Every structure is written in structure tokens, then in C-alpha cells.
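Asks: To be precise about what I am sending: the file is called final_34.cif and holds mmCIF, C-alpha atoms.
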```cif
data_run
loop_
_atom_site.label_atom_id
_atom_site.label_comp_id
_atom_site.auth_asym_id
_atom_site.auth_seq_id
_atom_site.Cartn_x
_atom_site.Cartn_y
_atom_site.Cartn_z
CA MET A 826 4.56 -44.49 37.52
CA ALA A 827 6.49 -47.34 36.02
CA ASP A 828 9.81 -48.20 37.55
CA PRO A 829 12.32 -47.08 34.92
CA ALA A 830 14.77 -49.83 35.79
CA ARG A 831 12.13 -52.46 35.33
CA VAL A 832 10.83 -50.96 32.15
CA LYS A 833 14.35 -50.60 30.85
CA THR A 834 15.14 -54.28 31.36
CA GLU A 835 12.03 -55.11 29.46
CA VAL A 836 13.06 -52.78 26.69
CA VAL A 837 16.53 -54.28 26.52
CA PHE A 838 15.06 -57.75 26.51
CA SER A 839 12.69 -57.00 23.69
CA GLU A 840 14.85 -54.40 22.05
CA THR A 841 15.49 -56.02 18.76
CA SER A 842 12.30 -57.97 18.41
CA THR A 843 10.25 -55.13 17.00
CA SER A 844 10.15 -56.66 13.59
CA THR A 845 6.41 -56.31 13.12
CA ASP A 846 6.39 -52.61 13.83
CA ARG A 847 7.10 -51.48 10.29
CA PRO A 848 4.72 -53.88 8.58
CA LYS A 849 1.90 -52.86 10.89
CA GLN A 850 2.44 -49.23 10.13
CA SER A 851 2.71 -49.69 6.43
CA GLU A 852 -0.55 -51.60 6.34
CA GLY A 853 -2.28 -48.96 8.36
CA SER A 854 -3.54 -51.40 10.95
CA SER A 855 -4.91 -49.81 14.06
CA ASP A 856 -4.65 -52.81 16.31
CA GLY A 857 -2.38 -52.57 19.29
CA PRO A 858 0.79 -54.57 19.03
CA VAL A 859 -0.18 -56.55 22.10
CA ASN A 860 -1.19 -59.61 20.13
CA ALA A 861 1.68 -59.33 17.73
CA SER A 862 2.40 -62.87 16.71
CA THR A 863 5.36 -62.85 14.44
CA THR A 864 6.56 -65.54 12.16
CA SER A 865 10.16 -65.17 13.19
CA GLU A 866 11.81 -62.86 15.68
CA PRO A 867 15.54 -63.35 15.60
CA THR A 868 17.14 -61.12 18.20
CA ALA A 869 20.67 -60.26 19.14
CA VAL A 870 20.37 -62.16 22.42
CA GLN A 871 18.82 -65.03 20.66
CA THR A 872 21.56 -65.15 18.04
CA SER A 873 24.14 -65.98 20.64
CA ILE A 874 21.91 -68.64 22.17
CA LYS A 875 21.23 -70.01 18.72
CA GLU A 876 24.89 -70.21 17.93
CA GLU A 877 25.62 -72.09 21.12
CA GLY A 878 22.72 -74.42 20.49
CA LYS A 879 23.83 -74.82 16.90
CA GLY A 880 27.36 -75.70 17.91
CA ARG A 881 26.28 -78.33 20.39
CA SER A 882 23.46 -79.81 18.33
CA ALA A 883 25.57 -79.86 15.16
CA GLU A 884 28.19 -81.95 16.88
CA ASP A 885 25.64 -84.36 18.35
CA THR A 886 23.67 -84.75 15.16
CA ALA A 887 26.80 -85.01 13.06
CA ALA A 888 28.05 -87.86 15.24
CA GLY A 889 24.66 -89.56 15.18
CA GLU A 890 24.19 -89.07 11.48
CA GLU A 891 27.62 -90.32 10.72
CA GLU A 892 26.93 -93.56 12.51
CA ASP A 893 23.67 -94.10 10.67
CA GLU A 894 25.09 -93.25 7.31
CA ALA A 895 28.23 -95.28 7.86
CA SER A 896 26.09 -98.33 8.40
CA SER A 897 24.25 -97.78 5.13
CA SER A 898 27.14 -96.55 2.96
CA LEU A 899 30.83 -96.52 3.54
CA HIS A 900 31.59 -92.84 2.84
CA PRO A 901 28.67 -90.39 3.39
CA PRO A 902 28.95 -87.62 0.80
CA PRO A 903 29.83 -84.36 2.53
CA ALA A 904 27.05 -82.53 0.67
CA THR A 905 24.36 -84.71 2.25
CA LYS A 906 25.88 -84.38 5.67
CA LEU A 907 25.99 -80.60 5.39
CA LYS A 908 22.43 -80.46 4.12
CA VAL A 909 21.17 -82.55 7.00
CA GLU A 910 23.07 -80.43 9.48
CA HIS A 911 21.62 -77.32 7.94
CA GLU A 912 18.09 -78.64 8.25
CA LYS A 913 18.62 -79.56 11.86
CA LYS A 914 19.92 -76.07 12.51
CA LYS A 915 16.85 -74.58 10.86
CA GLU A 916 14.55 -76.68 13.00
CA LYS A 917 16.44 -75.70 16.11
CA ARG A 918 16.25 -72.05 15.09
CA GLN A 919 12.51 -72.24 14.48
CA LYS A 920 12.01 -73.92 17.82
CA VAL A 921 13.99 -71.20 19.55
CA ASP A 922 11.96 -68.59 17.66
CA GLU A 923 8.72 -70.13 18.86
CA ASP A 924 9.99 -70.20 22.43
CA GLU A 925 10.95 -66.57 22.10
CA ILE A 926 7.54 -65.67 20.74
CA GLN A 927 5.76 -67.50 23.55
CA LYS A 928 7.89 -65.82 26.16
CA MET A 929 7.13 -62.44 24.65
CA GLN A 930 3.40 -63.16 24.66
CA VAL A 931 3.49 -64.21 28.29
CA LEU A 932 5.44 -61.09 29.17
CA VAL A 933 3.21 -58.70 27.28
CA SER A 934 0.05 -60.24 28.68
CA SER A 935 1.24 -59.46 32.18
CA PHE A 936 1.86 -55.74 31.56
CA SER A 937 0.15 -53.04 33.54
CA GLU A 938 -1.77 -50.25 31.78
CA GLU A 939 1.15 -47.87 31.88
CA GLN A 940 3.57 -50.50 30.65
CA LEU A 941 1.28 -51.43 27.80
CA ASN A 942 1.14 -47.78 26.80
CA ARG A 943 4.86 -47.48 26.84
CA TYR A 944 5.35 -50.72 24.95
CA GLU A 945 2.92 -49.59 22.29
CA MET A 946 4.80 -46.31 21.90
CA TYR A 947 8.05 -48.20 21.73
CA ARG A 948 6.92 -50.39 18.87
CA ARG A 949 4.83 -47.92 16.95
CA SER A 950 7.08 -44.90 16.98
CA ALA A 951 9.22 -44.47 13.90
CA PHE A 952 10.83 -41.76 11.88
CA PRO A 953 8.74 -40.54 8.95
CA LYS A 954 10.13 -42.13 5.80
CA ALA A 955 9.47 -39.03 3.70
CA ALA A 956 11.53 -36.78 5.95
CA ILE A 957 14.38 -39.30 6.13
CA LYS A 958 14.35 -39.68 2.36
CA ARG A 959 14.44 -35.92 1.92
CA LEU A 960 17.32 -35.63 4.35
CA ILE A 961 19.33 -38.37 2.67
CA GLN A 962 18.71 -36.95 -0.77
CA SER A 963 19.78 -33.51 0.35
CA ILE A 964 23.05 -35.04 1.54
CA THR A 965 23.78 -37.24 -1.45
CA GLY A 966 22.36 -34.94 -4.09
CA SER A 967 20.93 -37.93 -5.94
CA SER A 968 17.99 -40.20 -5.30
CA VAL A 969 18.30 -43.28 -3.13
CA SER A 970 16.47 -46.56 -3.15
CA GLN A 971 13.69 -47.37 -0.74
CA ASN A 972 15.74 -50.00 1.04
CA VAL A 973 18.30 -47.42 2.04
CA VAL A 974 15.58 -45.28 3.59
CA ILE A 975 14.16 -48.26 5.46
CA ALA A 976 17.59 -49.28 6.73
CA MET A 977 18.54 -45.77 7.81
CA SER A 978 15.32 -45.08 9.68
CA GLY A 979 15.59 -48.39 11.49
CA ILE A 980 19.18 -47.83 12.47
CA SER A 981 18.45 -44.28 13.60
CA LYS A 982 15.72 -45.54 15.88
CA VAL A 983 18.14 -47.99 17.45
CA PHE A 984 20.66 -45.19 17.82
CA ALA A 985 18.11 -42.95 19.54
CA GLY A 986 17.24 -45.85 21.82
CA GLU A 987 20.86 -46.37 22.78
CA ILE A 988 21.22 -42.74 23.73
CA VAL A 989 18.01 -42.63 25.75
CA GLU A 990 18.92 -45.81 27.61
CA GLU A 991 22.38 -44.52 28.41
CA ALA A 992 20.90 -41.19 29.49
CA LEU A 993 18.47 -42.98 31.80
CA ASP A 994 21.45 -44.82 33.30
CA VAL A 995 23.21 -41.52 33.87
CA CYS A 996 20.05 -39.98 35.30
CA GLU A 997 19.67 -42.83 37.77
CA LYS A 998 23.32 -42.73 38.69
CA TRP A 999 23.20 -39.02 39.43
CA GLY A 1000 20.12 -39.47 41.58
CA ASP A 1001 17.77 -37.46 39.35
CA THR A 1002 14.22 -38.24 38.27
CA PRO A 1003 13.05 -39.27 34.82
CA PRO A 1004 12.25 -36.30 32.63
CA LEU A 1005 15.66 -36.41 31.01
CA GLN A 1006 17.60 -33.19 31.04
CA PRO A 1007 20.14 -32.04 28.44
CA LYS A 1008 23.02 -32.68 30.82
CA HIS A 1009 22.06 -36.36 30.99
CA MET A 1010 21.91 -36.57 27.22
CA ARG A 1011 25.28 -34.94 26.81
CA GLU A 1012 26.89 -37.21 29.35
CA ALA A 1013 25.32 -40.19 27.59
CA VAL A 1014 26.76 -39.08 24.27
CA ARG A 1015 30.16 -38.59 25.86
CA ARG A 1016 30.07 -42.13 27.24
CA LEU A 1017 28.96 -43.63 23.95
CA LYS A 1018 31.70 -41.75 22.15
CA SER A 1019 34.32 -43.15 24.49
CA ARG A 1020 32.95 -46.62 23.71
CA GLU A 1021 33.01 -45.76 20.01
CA GLN A 1022 29.34 -46.41 19.54
CA THR A 1023 28.83 -42.98 18.06
CA PRO A 1024 30.33 -42.58 14.60
CA ASN A 1025 32.48 -39.55 13.99
CA THR A 1026 34.62 -38.59 11.06
CA LYS A 1027 36.58 -35.97 12.93
CA HIS A 1028 39.47 -38.30 13.61
CA LYS A 1029 40.94 -39.52 10.36
CA HIS A 1030 42.67 -42.84 10.74
CA ILE A 1031 45.91 -42.68 8.76
CA LEU A 1032 47.52 -46.04 8.26
CA PHE A 1033 50.92 -45.32 6.80
CA HIS A 1034 52.67 -42.03 7.16
CA MET B 747 23.54 -9.97 12.06
CA ALA B 748 27.02 -8.36 12.22
CA GLU B 749 26.74 -7.86 15.94
CA GLU B 750 25.97 -11.48 16.50
CA GLU B 751 28.96 -12.59 14.50
CA ASP B 752 31.21 -10.36 16.60
CA ASP B 753 30.11 -12.01 19.83
CA PRO B 754 29.82 -15.73 19.21
CA GLY B 755 29.77 -16.58 22.91
CA PHE B 756 26.94 -14.18 23.59
CA ASP B 757 25.07 -15.44 20.58
CA GLU B 758 25.19 -19.06 21.77
CA ASP B 759 23.54 -18.23 25.05
CA MET B 760 20.90 -16.09 23.40
CA ASP B 761 20.19 -18.65 20.71
CA ASP B 762 16.72 -19.50 21.91
CA GLY B 763 15.86 -15.85 22.48
CA GLY B 764 16.88 -14.79 18.96
CA ASN B 765 14.43 -12.51 17.18
CA GLY B 766 12.32 -13.60 14.25
CA ALA B 767 14.54 -11.85 11.72
CA ASP B 768 17.38 -14.16 12.67
CA LEU B 769 17.44 -16.54 9.75
CA GLY B 770 20.45 -18.81 9.84
CA GLN B 771 21.46 -19.12 13.45
CA GLY B 772 18.95 -20.54 15.90
CA LYS B 773 15.54 -21.19 14.36
CA ARG B 774 15.88 -24.35 12.32
CA LYS B 775 12.62 -26.11 11.76
CA GLN B 776 12.41 -29.31 13.75
CA LEU B 777 12.02 -32.35 11.55
CA PHE B 778 11.13 -35.06 14.02
CA SER B 779 9.93 -33.46 17.21
CA LYS B 780 6.59 -35.28 17.49
CA GLU B 781 7.96 -38.69 16.57
CA LEU B 782 10.99 -38.29 18.81
CA CYS B 783 8.74 -37.34 21.69
CA CYS B 784 6.83 -40.63 21.38
CA MET B 785 10.04 -42.53 20.85
CA MET B 786 11.61 -41.19 24.01
CA TYR B 787 8.55 -42.18 26.00
CA GLY B 788 8.75 -45.65 24.48
CA PHE B 789 12.40 -45.98 25.44
CA GLY B 790 11.80 -45.12 29.08
CA ASP B 791 11.65 -41.37 29.47
CA ASP B 792 8.75 -39.45 30.95
CA GLN B 793 5.48 -39.16 29.04
CA ASN B 794 6.26 -35.52 28.21
CA PRO B 795 9.99 -35.19 27.70
CA TYR B 796 11.68 -31.81 27.83
CA THR B 797 11.79 -29.91 24.57
CA GLU B 798 15.49 -29.26 24.96
CA SER B 799 16.22 -32.96 25.31
CA VAL B 800 14.17 -33.70 22.21
CA ASP B 801 16.10 -31.02 20.34
CA ILE B 802 19.42 -32.46 21.40
CA LEU B 803 18.35 -35.94 20.37
CA GLU B 804 17.14 -34.71 17.00
CA ASP B 805 20.45 -32.99 16.34
CA LEU B 806 22.27 -36.16 17.30
CA VAL B 807 20.15 -38.32 15.01
CA ILE B 808 20.61 -35.95 12.09
CA GLU B 809 24.34 -35.88 12.70
CA PHE B 810 24.39 -39.67 12.86
CA ILE B 811 22.55 -40.00 9.57
CA THR B 812 24.78 -37.40 7.93
CA VAL B 813 28.00 -39.06 9.03
CA MET B 814 26.75 -42.49 8.01
CA ILE B 815 25.66 -41.30 4.57
CA HIS B 816 28.95 -39.51 3.98
CA LYS B 817 30.87 -42.63 4.88
CA ALA B 818 28.63 -44.74 2.66
CA MET B 819 29.21 -42.38 -0.23
CA SER B 820 32.94 -42.77 0.05
CA ILE B 821 32.98 -46.57 -0.06
CA GLY B 822 31.69 -48.86 -2.79
CA CYS B 823 30.18 -46.88 -5.63
CA GLN B 824 31.51 -43.34 -5.19
CA GLY B 825 28.84 -40.72 -4.77
CA ARG B 826 26.01 -43.20 -4.43
CA VAL B 827 24.55 -44.90 -1.41
CA GLN B 828 23.54 -48.52 -1.59
CA VAL B 829 22.29 -50.87 1.05
CA GLU B 830 25.47 -52.92 0.90
CA ASP B 831 27.52 -49.90 1.95
CA ILE B 832 25.35 -49.38 4.99
CA VAL B 833 25.58 -53.06 5.85
CA PHE B 834 29.34 -52.85 5.65
CA LEU B 835 29.49 -49.82 7.91
CA ILE B 836 27.15 -51.24 10.50
CA CYS B 837 28.44 -54.80 10.71
CA LYS B 838 30.55 -53.99 13.76
CA ASP B 839 27.53 -52.90 15.81
CA HIS B 840 25.56 -56.06 16.48
CA ARG B 841 22.35 -54.46 17.63
CA LYS B 842 22.01 -52.16 14.66
CA PHE B 843 23.06 -54.87 12.26
CA ALA B 844 20.51 -57.35 13.59
CA ARG B 845 17.78 -54.71 13.47
CA MET B 846 18.62 -53.77 9.90
CA LYS B 847 18.70 -57.39 8.83
CA ASP B 848 15.28 -57.95 10.41
CA LEU B 849 13.79 -54.92 8.69
CA LEU B 850 15.09 -55.77 5.26
CA THR B 851 14.07 -59.42 5.54
CA MET B 852 10.61 -58.43 6.73
CA ASN B 853 10.33 -55.96 3.86
CA GLU B 854 11.15 -58.67 1.35
CA GLU B 855 8.63 -61.04 2.87
CA LEU B 856 5.96 -58.36 2.78
CA LYS B 857 6.66 -57.63 -0.86
CA LYS B 858 6.36 -61.31 -1.71
CA ALA B 859 3.16 -61.62 0.29
CA ARG B 860 1.62 -58.61 -1.39
CA LYS B 861 2.60 -59.85 -4.80
CA ALA B 862 1.13 -63.29 -4.10
CA PHE B 863 -2.02 -61.66 -2.72
CA ASP B 864 -2.44 -59.48 -5.78
CA GLU B 865 -1.96 -62.39 -8.10
CA ALA B 866 -4.48 -64.46 -6.19
CA ASN B 867 -7.05 -61.68 -6.27
CA TYR B 868 -6.54 -60.29 -9.72
CA GLY B 869 -4.93 -63.17 -11.55
CA TRP B 870 -8.27 -64.03 -13.12
CA VAL B 871 -8.32 -60.65 -14.89
CA LEU B 872 -5.35 -61.64 -16.97
CA LYS B 873 -7.05 -64.85 -17.96
#
```
Spit out the file's structure as C-alpha cells when you get a sec.

Replies:
Amino acid sequence: MADPARVKTEVVFSETSTSTDRPKQSEGSSDGPVNASTTSEPTAVQTSIKEEGKGRSAEDTAAGEEEDEASSSLHPPPATKLKVEHEKKKEKRQKVDEDEIQKMQVLVSSFSEEQLNRYEMYRRSAFPKAAIKRLIQSITGSSVSQNVVIAMSGISKVFAGEIVEEALDVCEKWGDTPPLQPKHMREAVRRLKSREQTPNTKHKHILFH
Amino acid sequence: MAEEEDDPGFDEDMDDGGNGADLGQGKRKQLFSKELCCMMYGFGDDQNPYTESVDILEDLVIEFITVMIHKAMSIGCQGRVQVEDIVFLICKDHRKFARMKDLLTMNEELKKARKAFDEANYGWVLK
């Protein structure tokens, strides 16, 4: 039986890097996602690291570039400087992506059987697009584009994940064992609501009255 | 039916035990029970999660989608839902925003790849 805390950290770590899940499903591939090598896997965690790296590297490269360019021409055109900075940022981002991908591969290769199973379920599970489209169309009354359906199903999966993770936290805190019970779910929803991560239209925000 | 409406408290408790003739109250067909089951296992729950938990989660997801779509209909183009509206609503929540951005980018890349693949394979037909 996998240790839920351990599995949870892994899920949080890899939470947003499930970008190849949809493409694999749409192409009907039956390979496990174990060898998923993605071209780019920007993640929320990684974004913050990227931004820090960007900030630091931009300053360094800008200073370096300025010196080089000043020696060749008196006033470096700002467009060139920006373009060079942008390219350096892109390289840095790609390098960070590759690091991320390698780390993921190392992690996944060291999974136990049960963990591999769970990871596969995590990446492969998705809401059926047809049902989501039907639901959305029954709400709007008119047809919606495919992108909307894709966006909504992805966001709903993240939402479900947030609730399950919070419920597992609650379960652990209350000293219960994993099969989640409705009381854990309800407490999780209550906590998310207090943190405003659950949208509700019940409270109408009136600006001027 | 009239009896149930008179005793709403009693009806709530007996929701699951409602008879087959009970149309509106308890027996709504589950849309996502199989997928949600797998999803909960993937997110850390037991391999066979409780049916009641799956039901609660499904209700929550449907409510989430409904609220989001209603909000999206009220901003931007009235009465229509576009991707930009959803982006606007989600931008506060970093996780969801990043996930949505990934999905849409990946979708675009796939479309381009398929188009290029088709042209490579069947381009000679046009010639």
C-alpha cells in the first residue's frame, strides 16, 4: 500500500506537468505514460523558478551585452537588446524544461508497481469530452467551440484534484484511513471555500450602494 | 410525491432509498462515475473509492462547471462562452491557469503537426 503522503508529494510535484495526457488519449495510443518524453513541460513551480532565473540572467546578460555592443557601436538600439535578451530567456527556459524532463524521467523510473499504476491513472484519467460538451451546451443553450470544452475539462480535472488532495489532508489530520468518506470531502470543500478556491455566485459583490 | 414535498427533512434522509417511481428527486443518472473513480485513485485515494464520495465529487464538479459557464456568459460576449472569458475568470488561480495554457498550447501544436503530417502524406495527390 503506497504511503499517501509520499504519493501526494509526488502528485503535487508533477501536478501540472501532465501535458501529454490529452494528446496520448486523442491519438489512441496504448503505451503507458512511463516513457512520456515531452517537448516542453512548463509547470507552475517551474514558472517561478524560471522567473527568478530570468530576472538574474537578464541582468547579467544585459550588462555583458551592453559592454560588447558599446564597444562596437555607441548606442545599441533597444530593439536589438530586447531581442537578444528574449533569446537568452528562451534558451534558459528550454534548459530548465530539459532539466525538468530529466528529473521526471528519473523519478518515474524509480516507481514501484503500485506507484506506477497510480501515476498511470493520474495521467490517463479525464472527463469524457462528449459529456462535458453536452453539459456546457445544456447550460448555454447554444453550441460552444472545441477549445472551450478542452479548457473546461482540464480545469475540472485540476479542481477535482484539489478537492481530493485537501480531503486526503483532512483524512490524515483526523487520523482516518484512505478510502475517503463524505465527511472528509465536505470538510475539504469547506476549507477551499474559506480560501476562495471554490467559485460561488451566491455572494454578489456590490461595489457602490 | 405530495407526501415527500410535505416532509423535506424526511425526504433528504430517504433519498437513496427512494422508490423507482420517484423521478425528480434522488435518482439522477451519474455522468462521470467511472472516470471520477479512476481520477480519485490517481490523485491518492484508495483503489476503490466509496460511491458516496464519488457522487459528492461529481456534484461538486458539475456545480463548478455550471458556475464557471454562467460567469463566462455574463462577461465578454453576452450569452456566449469563449475561451478568452474562461481565461479571464481563471487567471487568479495559478494552477488552473497554467494547466489550461498547457492544454491549449499542446492542442495547437498537435493541430499543426497533424496538418503538416497530412500535407506530407497526401500533398502529392494535389499535384

Asks: Mind running chain A against chain B at 6 Å and telling me each contacting residue's nearest atom pair with the distance in Å (one decimal), counting only C-alpha atoms, chain and number ascending, as a tab-separated table?

Replies:
```
residue	atom	partner	partner_atom	distance
A:Thr841	CA	B:Arg845	CA	5.9
A:Arg943	CA	B:Gly788	CA	4.9
A:Met946	CA	B:Gly788	CA	4.8
A:Tyr947	CA	B:Gly788	CA	3.8
A:Ser950	CA	B:Met785	CA	5.4
A:Val973	CA	B:Val829	CA	5.4
A:Ala976	CA	B:Met846	CA	5.6
A:Ile980	CA	B:Lys842	CA	5.6
A:Pro1003	CA	B:Asp792	CA	5.8
A:Pro1004	CA	B:Asp792	CA	5.0
A:Gln1006	CA	B:Ser799	CA	5.9
A:Pro1007	CA	B:Ser799	CA	5.1
```

Asks: Could you save the residues just selected, with C-alpha atoms, as a PDB file, in the frame of the given file?

Replies:
```pdb
ATOM      1  CA  THR A 841      15.490 -56.020  18.760  1.00  0.00           C
ATOM      2  CA  ARG A 943       4.860 -47.480  26.840  1.00  0.00           C
ATOM      3  CA  MET A 946       4.800 -46.310  21.900  1.00  0.00           C
ATOM      4  CA  TYR A 947       8.050 -48.200  21.730  1.00  0.00           C
ATOM      5  CA  SER A 950       7.080 -44.900  16.980  1.00  0.00           C
ATOM      6  CA  VAL A 973      18.300 -47.420   2.040  1.00  0.00           C
ATOM      7  CA  ALA A 976      17.590 -49.280   6.730  1.00  0.00           C
ATOM      8  CA  ILE A 980      19.180 -47.830  12.470  1.00  0.00           C
ATOM      9  CA  PRO A1003      13.050 -39.270  34.820  1.00  0.00           C
ATOM     10  CA  PRO A1004      12.250 -36.300  32.630  1.00  0.00           C
ATOM     11  CA  GLN A1006      17.600 -33.190  31.040  1.00  0.00           C
ATOM     12  CA  PRO A1007      20.140 -32.040  28.440  1.00  0.00           C
TER      13      PRO A1007
END
```

Asks: Residue by residue, what does the PyMOL selection byres ((chain A and resi 997) around 12) grab here? Present the result as a ChimeraX atom specification.

Replies: /A:828-830,833,990-996,998-1006,1009,1013 /B:790-791

Asks: Evaluate the PyMOL selection byres ((chain A and resi 982) around 9) and record the selected residues as a VMD selection string, following the chain and residue labels used in the document.

Replies: (chain A and resid 950 to 952 977 to 981 983 to 987) or (chain B and resid 785 807)

Asks: Distance atom CA of A:Thr965-atom CA of A:Asn1025, one decimal place?

Replies: 17.9 Å

Asks: Rounded to one decimal in Å, what is the spacing between atom CA of A:Leu932 and atom CA of A:Tyr944?

Replies: 11.2 Å

Asks: For the atom pair atom CA of B:Lys775 and atom CA of A:Val989, what is the interatomic distance in Å to one decimal place?

Replies: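 Taking atom CA of B:Lys775 as the start and atom CA of A:Val989 as the end point, the length is 22.3 Å.
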
Asks: Stretch 842-846 of chain B, all listed atoms, 4 Å padding on each side: what axis-aligned box centre and edge lengths in Å to one decimal come out, as lines of an AutoDock Vina configuration file?

Replies:
```
center_x = 20.4
center_y = -54.8
center_z = 12.3
size_x = 13.3
size_y = 13.2
size_z = 12.8
```
